[in-house]
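A.B. asks: Contents of coords-v9.txt (compact mmCIF, C-alpha atoms) are below:
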```txt
# COMPACT_ATOMS: atom_id res chain seq x y z
CA MET A 1 0.00 0.00 0.00
CA THR A 2 1.28 3.48 -0.89
CA GLY A 3 0.08 6.73 0.69
CA PRO A 4 -2.08 7.09 3.80
CA ALA A 5 -4.89 4.68 4.55
CA ILE A 6 -6.91 7.58 5.97
CA ARG A 7 -6.44 11.18 4.81
CA THR A 8 -6.25 13.94 7.37
CA PRO A 9 -6.70 17.67 6.73
CA ARG A 10 -3.42 19.49 6.09
CA HIS A 11 -4.02 21.77 9.05
CA ASP A 12 -5.19 21.28 12.63
CA ALA A 13 -8.94 20.63 12.52
CA ALA A 14 -9.30 22.63 15.74
CA ASP A 15 -7.92 25.71 13.98
CA ARG A 16 -9.76 25.58 10.67
CA PRO A 17 -12.37 23.37 9.03
CA PHE A 18 -11.69 21.40 5.90
CA ILE A 19 -15.16 22.29 4.60
CA VAL A 20 -17.78 24.97 5.33
CA ILE A 21 -21.36 24.25 4.25
CA TRP A 22 -23.77 27.18 3.89
CA GLU A 23 -27.49 26.54 3.57
CA ALA A 24 -28.10 29.64 1.44
CA THR A 25 -31.87 29.11 1.38
CA ARG A 26 -34.49 26.54 2.31
CA ALA A 27 -36.63 27.39 -0.70
CA CYS A 28 -36.99 24.38 -3.01
CA PRO A 29 -39.81 23.07 -5.23
CA LEU A 30 -38.98 19.42 -4.52
CA ALA A 31 -40.50 17.26 -1.77
CA CYS A 32 -37.68 14.82 -1.08
CA LEU A 33 -38.57 12.10 1.40
CA HIS A 34 -35.36 12.49 3.41
CA CYS A 35 -35.12 16.31 3.49
CA ARG A 36 -33.20 17.52 6.53
CA ALA A 37 -34.32 21.11 5.96
CA GLU A 38 -38.02 20.31 5.41
CA SER A 39 -37.76 22.71 2.47
CA ILE A 40 -40.35 25.41 1.81
CA ALA A 41 -41.84 26.94 -1.32
CA ARG A 42 -40.60 30.51 -0.72
CA ARG A 43 -37.44 32.08 0.61
CA ASP A 44 -37.33 32.94 4.29
CA PRO A 45 -37.07 36.74 4.82
CA ARG A 46 -34.59 36.06 7.64
CA GLU A 47 -31.99 34.67 5.21
CA LEU A 48 -28.55 36.23 5.16
CA GLY A 49 -28.58 38.94 2.50
CA THR A 50 -25.92 39.35 -0.16
CA ALA A 51 -23.84 41.88 1.77
CA GLU A 52 -24.23 39.93 5.02
CA ALA A 53 -23.10 36.70 3.42
CA LEU A 54 -20.06 38.29 1.82
CA ASP A 55 -19.11 40.01 5.07
CA LEU A 56 -20.03 37.41 7.69
CA LEU A 57 -19.18 34.15 5.90
CA ALA A 58 -15.50 35.04 5.92
CA VAL A 59 -14.26 31.57 5.01
CA ASP A 60 -10.96 33.08 3.87
CA ALA A 61 -10.39 34.44 7.40
CA PHE A 62 -9.40 30.92 8.48
CA GLY A 63 -6.21 31.39 6.47
CA ALA A 64 -4.60 29.63 3.56
CA PRO A 65 -5.28 27.14 2.22
CA CYS A 66 -8.88 28.25 2.47
CA PRO A 67 -11.57 25.71 3.45
CA LEU A 68 -13.81 24.41 0.70
CA PHE A 69 -17.02 26.47 0.67
CA VAL A 70 -20.18 24.64 -0.41
CA ILE A 71 -23.35 26.60 -1.13
CA THR A 72 -26.34 24.33 -0.64
CA GLY A 73 -30.04 24.55 0.23
CA GLY A 74 -32.93 24.03 -0.45
CA ASP A 75 -32.16 24.95 -3.99
CA PRO A 76 -29.40 27.60 -4.20
CA PHE A 77 -30.71 28.70 -7.61
CA GLN A 78 -33.72 30.16 -5.78
CA ARG A 79 -31.39 32.99 -4.74
CA PRO A 80 -31.08 35.60 -7.52
CA ASP A 81 -27.70 36.65 -6.13
CA LEU A 82 -26.15 33.17 -6.41
CA MET A 83 -23.85 34.05 -9.31
CA GLU A 84 -22.69 37.24 -7.59
CA LEU A 85 -21.92 35.30 -4.43
CA VAL A 86 -19.94 32.65 -6.30
CA GLU A 87 -18.02 35.29 -8.24
CA ARG A 88 -17.22 37.44 -5.20
CA PHE A 89 -16.13 34.53 -2.99
CA SER A 90 -14.06 33.03 -5.81
CA ALA A 91 -12.31 36.37 -6.34
CA ARG A 92 -11.19 36.20 -2.69
CA GLY A 93 -9.51 32.86 -3.28
CA VAL A 94 -12.29 30.77 -1.77
CA PRO A 95 -12.81 27.42 -3.55
CA VAL A 96 -16.57 27.37 -4.18
CA ALA A 97 -18.80 24.39 -4.92
CA VAL A 98 -22.58 24.45 -5.33
CA SER A 99 -25.09 21.76 -4.45
CA PRO A 100 -28.19 22.42 -6.61
CA SER A 101 -31.45 20.49 -6.62
CA GLY A 102 -32.69 18.64 -9.68
CA THR A 103 -35.26 21.29 -10.58
CA PRO A 104 -36.06 23.23 -13.77
CA THR A 105 -33.46 25.80 -12.64
CA LEU A 106 -30.73 23.23 -13.31
CA THR A 107 -30.26 24.36 -16.91
CA PRO A 108 -27.18 24.38 -19.16
CA GLU A 109 -27.26 28.18 -19.03
CA ASN A 110 -27.17 28.28 -15.23
CA LEU A 111 -24.42 25.68 -15.06
CA ARG A 112 -22.35 27.70 -17.54
CA ARG A 113 -22.94 30.83 -15.46
CA LEU A 114 -21.75 28.99 -12.34
CA TYR A 115 -18.59 27.89 -14.09
CA ASP A 116 -17.94 31.36 -15.50
CA ALA A 117 -18.49 32.86 -12.03
CA GLY A 118 -15.73 30.65 -10.66
CA ALA A 119 -17.42 27.58 -9.18
CA HIS A 120 -15.09 24.59 -9.13
CA ALA A 121 -17.62 21.81 -8.68
CA ILE A 122 -21.23 20.84 -8.16
CA SER A 123 -22.81 17.95 -6.33
CA LEU A 124 -25.88 16.19 -7.65
CA SER A 125 -28.17 13.70 -5.94
CA LEU A 126 -28.85 10.36 -7.60
CA ASP A 127 -30.97 8.07 -5.47
CA GLY A 128 -31.80 5.45 -8.07
CA SER A 129 -30.59 4.16 -11.41
CA SER A 130 -34.00 4.72 -13.00
CA ALA A 131 -36.60 7.47 -13.11
CA GLN A 132 -39.04 5.22 -11.28
CA ILE A 133 -36.79 4.85 -8.23
CA HIS A 134 -35.22 8.31 -8.15
CA ASP A 135 -38.32 10.40 -8.88
CA ALA A 136 -40.39 8.53 -6.29
CA PHE A 137 -37.80 9.46 -3.68
CA ARG A 138 -37.55 13.09 -4.81
CA GLY A 139 -41.31 13.56 -4.93
CA VAL A 140 -41.48 15.17 -8.40
CA PRO A 141 -41.53 13.44 -11.83
CA GLY A 142 -38.79 14.32 -14.30
CA VAL A 143 -36.05 14.99 -11.73
CA TYR A 144 -34.06 11.92 -12.79
CA ASP A 145 -33.83 13.04 -16.41
CA GLN A 146 -32.95 16.61 -15.36
CA THR A 147 -30.19 15.28 -13.12
CA LEU A 148 -28.60 13.14 -15.82
CA ALA A 149 -28.79 15.99 -18.32
CA ALA A 150 -27.15 18.38 -15.84
CA TRP A 151 -24.48 15.79 -15.08
CA ARG A 152 -23.55 15.50 -18.75
CA THR A 153 -23.58 19.26 -19.24
CA ALA A 154 -21.48 19.98 -16.16
CA ARG A 155 -18.81 17.55 -17.27
CA GLN A 156 -18.75 19.05 -20.77
CA ILE A 157 -18.41 22.57 -19.36
CA GLY A 158 -15.54 21.60 -17.08
CA LEU A 159 -17.27 21.50 -13.69
CA LYS A 160 -16.26 18.68 -11.38
CA VAL A 161 -19.23 16.58 -10.30
CA GLN A 162 -19.83 14.73 -7.04
CA ILE A 163 -22.73 12.28 -6.96
CA ASN A 164 -24.58 11.78 -3.67
CA THR A 165 -26.83 8.79 -2.99
CA THR A 166 -29.06 8.55 0.06
CA VAL A 167 -29.05 4.88 1.05
CA THR A 168 -32.41 3.67 2.37
CA GLY A 169 -34.61 0.62 1.94
CA HIS A 170 -35.94 2.02 -1.34
CA ASN A 171 -32.64 1.63 -3.22
CA LEU A 172 -30.48 -0.86 -1.31
CA THR A 173 -30.35 -3.46 -4.06
CA ASP A 174 -30.05 -0.78 -6.76
CA LEU A 175 -26.67 0.45 -5.49
CA PRO A 176 -24.58 -1.55 -8.02
CA ASN A 177 -26.54 0.02 -10.87
CA ILE A 178 -25.91 3.49 -9.44
CA VAL A 179 -22.19 2.66 -9.40
CA ARG A 180 -22.52 1.68 -13.06
CA LEU A 181 -23.93 5.12 -13.89
CA VAL A 182 -21.15 6.86 -11.94
CA HIS A 183 -18.60 4.82 -13.87
CA GLU A 184 -20.29 5.63 -17.18
CA TYR A 185 -20.83 9.37 -16.67
CA GLY A 186 -17.72 10.09 -14.61
CA ALA A 187 -17.46 11.89 -11.26
CA ILE A 188 -14.77 13.06 -8.87
CA VAL A 189 -16.45 10.97 -6.17
CA TRP A 190 -19.56 8.94 -5.39
CA SER A 191 -20.80 9.51 -1.84
CA ALA A 192 -23.10 7.04 -0.12
CA PHE A 193 -25.08 9.01 2.47
CA LEU A 194 -26.46 7.07 5.42
CA LEU A 195 -29.66 8.68 6.58
CA VAL A 196 -29.81 10.69 9.79
CA PRO A 197 -33.36 10.63 11.23
CA THR A 198 -34.15 14.34 11.13
CA GLY A 199 -36.72 16.38 9.20
CA ARG A 200 -38.79 14.30 6.78
CA GLY A 201 -36.23 11.52 7.09
CA ARG A 202 -37.76 10.40 10.39
CA ALA A 203 -40.59 8.75 8.48
CA LEU A 204 -38.36 6.63 6.25
CA GLU A 205 -37.58 2.97 6.79
CA GLN A 206 -34.37 2.76 8.81
CA LEU A 207 -31.48 0.40 8.18
CA ASP A 208 -30.00 -1.63 11.02
CA ALA A 209 -26.35 -1.99 12.00
CA ALA A 210 -25.94 -5.28 10.11
CA ASP A 211 -27.30 -3.74 6.90
CA VAL A 212 -24.97 -0.78 7.32
CA GLU A 213 -21.95 -3.04 7.77
CA ASP A 214 -22.83 -4.79 4.51
CA VAL A 215 -23.33 -1.46 2.71
CA LEU A 216 -20.04 0.01 3.93
CA ASN A 217 -18.12 -3.04 2.77
CA PHE A 218 -19.90 -2.77 -0.57
CA VAL A 219 -18.80 0.90 -0.80
CA TYR A 220 -15.24 -0.26 -0.17
CA ASP A 221 -15.55 -2.73 -3.06
CA ALA A 222 -17.12 -0.05 -5.27
CA GLY A 223 -14.06 2.11 -4.56
CA LYS A 224 -12.08 -0.19 -6.79
CA LEU A 225 -14.29 0.87 -9.71
CA VAL A 226 -15.24 4.50 -8.96
CA PRO A 227 -13.87 7.02 -6.41
CA SER A 228 -16.12 6.38 -3.42
CA LYS A 229 -16.75 7.80 0.03
CA THR A 230 -19.49 7.97 2.63
CA THR A 231 -21.39 10.76 4.39
CA GLU A 232 -22.58 10.34 8.00
CA ALA A 233 -20.94 6.90 8.07
CA HIS A 234 -17.71 7.64 9.87
CA HIS A 235 -17.15 3.97 10.65
CA TYR A 236 -16.40 3.51 6.96
CA ARG A 237 -12.90 4.55 8.00
CA ARG A 238 -12.81 1.57 10.35
CA VAL A 239 -14.04 -0.70 7.55
CA THR A 240 -11.32 0.66 5.25
CA LEU A 241 -8.57 -0.21 7.72
CA GLN A 242 -10.00 -3.66 8.36
CA ARG A 243 -10.24 -4.39 4.66
CA LEU A 244 -6.67 -3.24 4.03
CA VAL A 245 -5.39 -5.67 6.67
CA LEU A 246 -7.46 -8.51 5.23
CA GLU A 247 -6.19 -7.76 1.73
CA GLN A 248 -2.61 -7.89 3.00
CA ARG A 249 -3.38 -11.29 4.50
CA GLY A 250 -5.33 -12.54 1.48
CA GLU A 251 -8.40 -13.36 3.58
CA ASP A 252 -12.08 -13.28 2.66
CA PRO A 253 -13.74 -10.22 4.28
CA ALA A 254 -17.21 -11.78 4.33
CA GLY A 255 -16.05 -14.63 6.54
CA VAL A 256 -13.75 -12.72 8.88
CA LEU A 257 -16.12 -9.76 9.31
CA GLY A 258 -19.32 -11.81 9.40
CA LEU A 259 -20.96 -9.97 6.50
CA GLY A 260 -24.52 -10.95 5.61
CA PRO A 261 -26.66 -11.82 2.59
CA LEU A 262 -27.13 -8.16 1.65
CA TYR A 263 -23.38 -7.82 1.14
CA GLN A 264 -23.28 -10.98 -0.91
CA LYS A 265 -26.10 -9.70 -3.13
CA LEU A 266 -24.52 -6.26 -3.58
CA ARG A 267 -21.11 -7.76 -4.29
CA ALA A 268 -22.61 -10.14 -6.87
CA GLY A 269 -24.33 -7.19 -8.56
CA LEU A 270 -21.06 -5.30 -8.65
CA ASP A 271 -19.15 -8.26 -10.08
CA ALA A 272 -21.83 -8.73 -12.76
CA LEU A 273 -21.09 -5.25 -14.09
CA ALA A 274 -17.62 -6.43 -15.17
CA LEU A 275 -16.29 -2.86 -15.04
CA PRO A 276 -12.57 -2.16 -15.34
CA PRO A 277 -10.99 -1.42 -11.96
CA ARG A 278 -9.33 1.86 -10.95
CA ARG A 279 -5.60 1.98 -10.33
CA THR A 280 -5.78 3.79 -7.01
CA ARG A 281 -8.27 3.94 -4.16
CA ARG A 282 -9.53 7.20 -2.70
CA PRO A 283 -8.70 7.13 1.04
CA PRO A 284 -11.49 8.46 3.28
CA MET A 285 -11.01 11.85 4.96
CA GLN A 286 -10.80 12.04 8.74
CA ILE A 287 -13.33 14.78 9.53
CA ASN A 288 -16.41 14.78 11.70
CA ALA A 289 -19.07 17.16 12.97
CA GLY A 290 -17.31 20.18 14.45
CA SER A 291 -13.89 18.72 13.65
CA GLY A 292 -13.02 19.77 10.14
CA PHE A 293 -16.68 20.41 9.33
CA VAL A 294 -19.01 23.34 10.05
CA PHE A 295 -22.54 24.12 8.87
CA VAL A 296 -24.09 27.60 8.62
CA SER A 297 -27.87 27.85 8.32
CA HIS A 298 -29.79 30.21 6.05
CA THR A 299 -30.28 32.54 9.03
CA GLY A 300 -26.62 32.50 10.06
CA GLU A 301 -26.77 29.97 12.90
CA VAL A 302 -23.56 27.92 13.14
CA PHE A 303 -23.76 24.18 13.84
CA PRO A 304 -21.21 21.34 14.03
CA SER A 305 -23.48 19.52 11.56
CA GLY A 306 -26.60 20.31 9.59
CA PHE A 307 -28.23 17.33 11.30
CA LEU A 308 -27.70 18.57 14.86
CA PRO A 309 -30.05 21.05 16.58
CA PHE A 310 -27.30 22.68 18.67
CA ALA A 311 -26.01 26.07 17.47
CA ALA A 312 -22.83 27.60 18.82
CA GLY A 313 -24.00 31.08 17.88
CA ASN A 314 -24.81 33.26 14.88
CA VAL A 315 -22.46 34.92 12.40
CA ARG A 316 -24.56 38.06 12.78
CA GLU A 317 -23.22 38.27 16.34
CA ARG A 318 -19.80 36.57 16.36
CA PRO A 319 -17.24 35.77 13.65
CA LEU A 320 -17.40 32.33 12.09
CA THR A 321 -13.74 31.74 13.03
CA GLU A 322 -14.49 32.33 16.72
CA LEU A 323 -17.58 30.16 16.73
CA TYR A 324 -15.69 27.27 15.15
CA ARG A 325 -12.47 27.56 17.14
CA ASP A 326 -13.45 28.72 20.59
CA THR A 327 -17.01 27.81 21.60
CA PRO A 328 -17.57 25.01 24.17
CA LEU A 329 -19.83 23.12 21.77
CA PHE A 330 -17.23 22.85 19.02
CA ARG A 331 -14.45 22.11 21.49
CA ARG A 332 -16.45 19.22 22.93
CA MET A 333 -17.04 17.82 19.44
CA ARG A 334 -13.27 17.50 19.03
CA GLU A 335 -12.69 15.36 22.15
CA PRO A 336 -12.85 11.62 21.33
CA ALA A 337 -12.19 10.84 24.99
CA SER A 338 -15.66 12.15 25.84
CA LEU A 339 -17.44 9.54 23.70
CA LYS A 340 -19.58 6.99 25.52
CA GLY A 341 -20.34 3.30 25.15
CA ARG A 342 -18.59 1.29 22.47
CA CYS A 343 -17.38 4.45 20.68
CA GLY A 344 -15.51 5.56 23.80
CA ALA A 345 -13.86 2.15 24.22
CA CYS A 346 -13.11 1.55 20.53
CA GLU A 347 -9.57 1.34 19.19
CA PHE A 348 -10.80 3.17 16.07
CA ARG A 349 -12.22 6.17 17.95
CA GLN A 350 -9.45 8.55 16.88
CA VAL A 351 -10.10 7.94 13.16
CA CYS A 352 -13.86 7.37 13.42
CA GLY A 353 -15.85 8.80 16.32
CA GLY A 354 -19.17 7.69 14.86
CA SER A 355 -21.94 9.93 13.57
CA ARG A 356 -22.68 12.38 16.37
CA SER A 357 -25.77 13.46 14.44
CA ARG A 358 -27.21 9.95 14.30
CA ALA A 359 -26.27 9.25 17.91
CA TYR A 360 -28.22 12.30 19.01
CA GLY A 361 -31.10 11.74 16.56
CA MET A 362 -31.66 8.17 17.76
CA THR A 363 -30.73 8.37 21.45
CA GLY A 364 -30.97 12.03 22.45
CA ASP A 365 -27.34 11.90 23.61
CA LEU A 366 -24.76 13.75 21.52
CA LEU A 367 -21.93 11.56 22.83
CA ALA A 368 -23.66 8.17 22.72
CA GLU A 369 -22.24 5.27 20.73
CA GLU A 370 -22.99 5.12 17.01
CA PRO A 371 -26.33 3.25 16.73
CA TRP A 372 -25.58 1.94 13.24
CA CYS A 373 -22.21 0.38 14.07
CA SER A 374 -22.11 -3.30 15.03
CA TYR A 375 -18.39 -3.46 15.81
CA ARG A 376 -17.33 -4.64 19.25
CA PRO A 377 -14.12 -2.92 20.41
CA GLY A 378 -11.11 -5.20 20.22
CA SER A 379 -12.90 -7.92 18.24
CA PHE A 380 -10.94 -7.55 15.00
CA PRO A 381 -8.61 -10.56 15.06
CA TYR A 382 -5.52 -8.88 13.59
CA GLN A 383 -4.78 -6.06 16.00
CA GLU A 384 -1.02 -6.35 15.49
CA GLN A 385 -1.32 -5.66 11.74
CA LEU A 386 -3.90 -2.96 12.42
CA ALA A 387 -1.74 -0.96 14.83
CA PRO A 388 0.58 0.62 12.22
CA LEU A 389 -2.40 1.80 10.16
CA LEU A 390 -3.99 3.43 13.20
CA ALA A 391 -0.69 5.12 14.04
CA ARG A 392 -0.29 6.83 10.63
```
Can you dump the structure from the file as structure tokens?
C.D. replies:
Amino acid sequence: MTGPAIRTPRHDAADRPFIVIWEATRACPLACLHCRAESIARRDPRELGTAEALDLLAVDAFGAPCPLFVITGGDPFQRPDLMELVERFSARGVPVAVSPSGTPTLTPENLRRLYDAGAHAISLSLDGSSAQIHDAFRGVPGVYDQTLAAWRTARQIGLKVQINTTVTGHNLTDLPNIVRLVHEYGAIVWSAFLLVPTGRGRALEQLDAADVEDVLNFVYDAGKLVPSKTTEAHHYRRVTLQRLVLEQRGEDPAGVLGLGPLYQKLRAGLDALALPPRRTRRPPMQINAGSGFVFVSHTGEVFPSGFLPFAAGNVRERPLTELYRDTPLFRRMREPASLKGRCGACEFRQVCGGSRSRAYGMTGDLLAEEPWCSYRPGSFPYQEQLAPLLAR
């Protein structure tokens, strides 16, 4: 193996985030089943205005290299000042990405304007390999076709594209076909998002820890075909290290890790694609809520994660740099020793830490063990081979 097994931000995560997410608006015409924001039809009059955003979202104040700045929503195209914001932030040396919704605003003209304004990348949601699956999840017909058209256009223009897939019971067995589309269309990364039960997502069918273990090992396998990562599945980093050890030993992961029939089915679907493998794997990034990651709401409230209801303050009252670096909430998020249950006892806690958002959403305790992790601390049989990977 060459290079790190797990990537870490180039600078201390307590000093600056790797990524800043700004929910520019909650306005969106879609009715997605999982929506964290419980989007609304019209813009909220309390949103940060153009001048406020440019002044208060001083991402460049963290220093160089500047954190990645992602403008999301809702649908960011509902803001008429979106292009001005992208252009002005880009002119300050801020790397800007935009996360639009698959709506009629996602036109070739708007994508070209984003690129010309200085946006580096966009992220698109693809929750099924067919219109039937994807559009049912997004709540509006035609979104699947709009998404694929925007994907093609963005690549032709020169925008980098990240594809996000929300993994729920509605698309579990469709995941290999989604990987096929990512391989065909091309993307800088495919991200499998494990649902956090907030907003509309509370009503969706939940996975269990065994299902999640199978899915994460499938994502690892998919990483040999397309650049892959996870969102709100921090124990994917644990899975990555386990799989690397097993590959070094030439052992079958399904047997050693006790993977179930879902993994076998997903793996068979992946093998049936017969896609050419990639030369290099994309190592997962070691960031977590409040540690390398910060979320700013449409009204300026600053959270360790968009899926947590705890705000450290508001950029209208205190600088973003202070809220991230110095508030008790963010400091506590960066202390693995404070974790409880299996997370607190786990040998992987420094590289994982579990989803704090899911822990709170399912238990009411911010520091509780990750509910969707089945790993028992110390149970991996090859601790001696694991130790050097954990020490990197």
A.B. asks: Name the closest residue to Trp22 in chain A among the candidates A:Leu148, A:Val143, A:Ala119, A:Val294; distances are taken between atoms, counting only C-alpha atoms.
C.D. replies: A:Val294
A.B. asks: Got a sec: who's within 6 Å of range 362-369 of chain A, counting only C-alpha atoms, leaving out chain neighbours fewer than 5 positions off, as number ranges by chain?
C.D. replies: A: 339-343, 356
A.B. asks: With only C-alpha atoms as the atoms that count, which of A:Gly73, A:Gly169, A:Pro309, A:Gly300 lies nearest to Val212 in chain A?
C.D. replies: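 Going through A:Gly73, A:Gly169, A:Pro309, A:Gly300 one by one, the smallest distance to Val212 in chain A is for A:Gly169.
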A.B. asks: With only C-alpha atoms as the basis for distance, which of A:Thr166, A:Thr25, A:Asn288, A:Gln383 is at the shortest distance from Pro80 in chain A?
C.D. replies: A:Thr25
A.B. asks: Using only C-alpha atoms, which residue out of A:Val140, A:Arg282, A:Glu52, A:Gly353 lies closest to Arg7 in chain A?
C.D. replies: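 Of the candidates, the smallest distance to Arg7 in chain A is held by A:Arg282.
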A.B. asks: Please identify all polymer residues within 7 Å of range 87-95 of chain A, counting only C-alpha atoms, omitting same-chain residues fewer than 2 positions from it, and present them as a list in words.
C.D. replies: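 The filter keeps Asp60, Cys66, Leu68, Phe69, Met83, Glu84, Leu85, Ala97, Ala117, Gly118 and His120 of chain A.
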A.B. asks: Could you jot down the CA of Pro328 in chain A to CA of Phe310 in chain A separation for me, Å, one decimal place?
C.D. replies: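 For CA of Pro328 in chain A relative to CA of Phe310 in chain A, the distance reads 11.4 Å.
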A.B. asks: Hey, what's within 12 Å of Tyr144 in chain A if we count only C-alpha atoms and toss same-chain stuff fewer than 6 positions away? As a short mmCIF file (atom, residue, chain, number, x, y, z; two decimals) with C-alpha atoms, keeping the file's coordinate frame, please?
C.D. replies:
```cif
data_model
loop_
_atom_site.label_atom_id
_atom_site.label_comp_id
_atom_site.auth_asym_id
_atom_site.auth_seq_id
_atom_site.Cartn_x
_atom_site.Cartn_y
_atom_site.Cartn_z
CA SER A 101 -31.45 20.49 -6.62
CA GLY A 102 -32.69 18.64 -9.68
CA THR A 103 -35.26 21.29 -10.58
CA PRO A 104 -36.06 23.23 -13.77
CA LEU A 106 -30.73 23.23 -13.31
CA LEU A 124 -25.88 16.19 -7.65
CA SER A 125 -28.17 13.70 -5.94
CA LEU A 126 -28.85 10.36 -7.60
CA ASP A 127 -30.97 8.07 -5.47
CA GLY A 128 -31.80 5.45 -8.07
CA SER A 129 -30.59 4.16 -11.41
CA SER A 130 -34.00 4.72 -13.00
CA ALA A 131 -36.60 7.47 -13.11
CA GLN A 132 -39.04 5.22 -11.28
CA ILE A 133 -36.79 4.85 -8.23
CA HIS A 134 -35.22 8.31 -8.15
CA ASP A 135 -38.32 10.40 -8.88
CA ALA A 136 -40.39 8.53 -6.29
CA PHE A 137 -37.80 9.46 -3.68
CA ARG A 138 -37.55 13.09 -4.81
CA ALA A 150 -27.15 18.38 -15.84
CA TRP A 151 -24.48 15.79 -15.08
#
```
A.B. asks: May I have the residues within 7 Å of range 186-190 of chain A as an mmCIF file with C-alpha atoms, keeping the file's coordinate frame, using all atoms listed in the file and disregarding those fewer than 4 positions away in the same chain?
C.D. replies:
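Ended up saving to around_1.cif:
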```
data_model
loop_
_atom_site.group_PDB
_atom_site.id
_atom_site.type_symbol
_atom_site.label_atom_id
_atom_site.label_comp_id
_atom_site.auth_asym_id
_atom_site.auth_seq_id
_atom_site.Cartn_x
_atom_site.Cartn_y
_atom_site.Cartn_z
ATOM 1 C CA LYS A 160 -16.260 18.680 -11.380
ATOM 2 C CA VAL A 161 -19.230 16.580 -10.300
ATOM 3 C CA GLN A 162 -19.830 14.730 -7.040
ATOM 4 C CA ILE A 163 -22.730 12.280 -6.960
ATOM 5 C CA ASN A 164 -24.580 11.780 -3.670
ATOM 6 C CA VAL A 182 -21.150 6.860 -11.940
ATOM 7 C CA PRO A 227 -13.870 7.020 -6.410
ATOM 8 C CA SER A 228 -16.120 6.380 -3.420
ATOM 9 C CA LYS A 229 -16.750 7.800 0.030
#
```
A.B. asks: Do you have the CA of Ile6 in chain A-CA of Gly250 in chain A distance handy?
C.D. replies: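 Distance reported for this atom pair: 20.7 Å.
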A.B. asks: When you count all atoms listed in the file, which of these residues is closest to Cys373 in chain A: A:Ala64, A:Leu329, A:Ala51, A:Ala233?
C.D. replies: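 Answer, going by the shortest atom-to-atom distance: A:Ala233.
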A.B. asks: Considering all atoms listed in the file, can you say which of A:Ala311, A:Val226, A:Leu266, A:Ile21 comes closest to Arg281 in chain A?
C.D. replies: A:Val226
A.B. asks: Hey, can I get the axis-aligned box for range 341-347 of chain A? All listed atoms, 3 Å padding on each side, centre and edge lengths in Å to one decimal, as AutoDock Vina command-line options.
C.D. replies:
```
--center_x -15.0 --center_y 3.4 --center_z 22.2 --size_x 16.8 --size_y 10.3 --size_z 12.0
```
A.B. asks: What does the distance from CA of Leu257 in chain A to CA of Ser374 in chain A come to in Å, to one decimal?
C.D. replies: 10.5 Å
A.B. asks: Please provide as a short mmCIF file (atom, residue, chain, number, x, y, z; two decimals) with C-alpha atoms, in the coordinates of the input all residues within 10 Å of Asn217 in chain A, with the sequence filter that same-chain residues fewer than 3 positions apart are discarded (counting all atoms listed in the file).
C.D. replies:
```
data_model
loop_
_atom_site.label_atom_id
_atom_site.label_comp_id
_atom_site.auth_asym_id
_atom_site.auth_seq_id
_atom_site.Cartn_x
_atom_site.Cartn_y
_atom_site.Cartn_z
CA VAL A 212 -24.97 -0.78 7.32
CA GLU A 213 -21.95 -3.04 7.77
CA ASP A 214 -22.83 -4.79 4.51
CA TYR A 220 -15.24 -0.26 -0.17
CA ASP A 221 -15.55 -2.73 -3.06
CA ALA A 222 -17.12 -0.05 -5.27
CA GLY A 223 -14.06 2.11 -4.56
CA TYR A 236 -16.40 3.51 6.96
CA VAL A 239 -14.04 -0.70 7.55
CA THR A 240 -11.32 0.66 5.25
CA GLN A 242 -10.00 -3.66 8.36
CA ARG A 243 -10.24 -4.39 4.66
CA PRO A 253 -13.74 -10.22 4.28
CA ALA A 254 -17.21 -11.78 4.33
CA LEU A 257 -16.12 -9.76 9.31
CA LEU A 259 -20.96 -9.97 6.50
CA TYR A 263 -23.38 -7.82 1.14
CA LEU A 266 -24.52 -6.26 -3.58
CA ARG A 267 -21.11 -7.76 -4.29
#
```
A.B. asks: So that each row is one residue of range 284-342 of chain A with an atom at most 9 Å from range 45-49 of chain A, can you give its shortest atom pair and the distance in Å to one decimal, using only C-alpha atoms, rows by chain and rising number, as JSON lines?
C.D. replies:
```
{"residue": "A:Ser297", "atom": "CA", "partner": "A:Glu47", "partner_atom": "CA", "distance": 8.6}
{"residue": "A:His298", "atom": "CA", "partner": "A:Glu47", "partner_atom": "CA", "distance": 5.0}
{"residue": "A:Thr299", "atom": "CA", "partner": "A:Glu47", "partner_atom": "CA", "distance": 4.7}
{"residue": "A:Gly300", "atom": "CA", "partner": "A:Leu48", "partner_atom": "CA", "distance": 6.5}
{"residue": "A:Arg316", "atom": "CA", "partner": "A:Leu48", "partner_atom": "CA", "distance": 8.8}
```
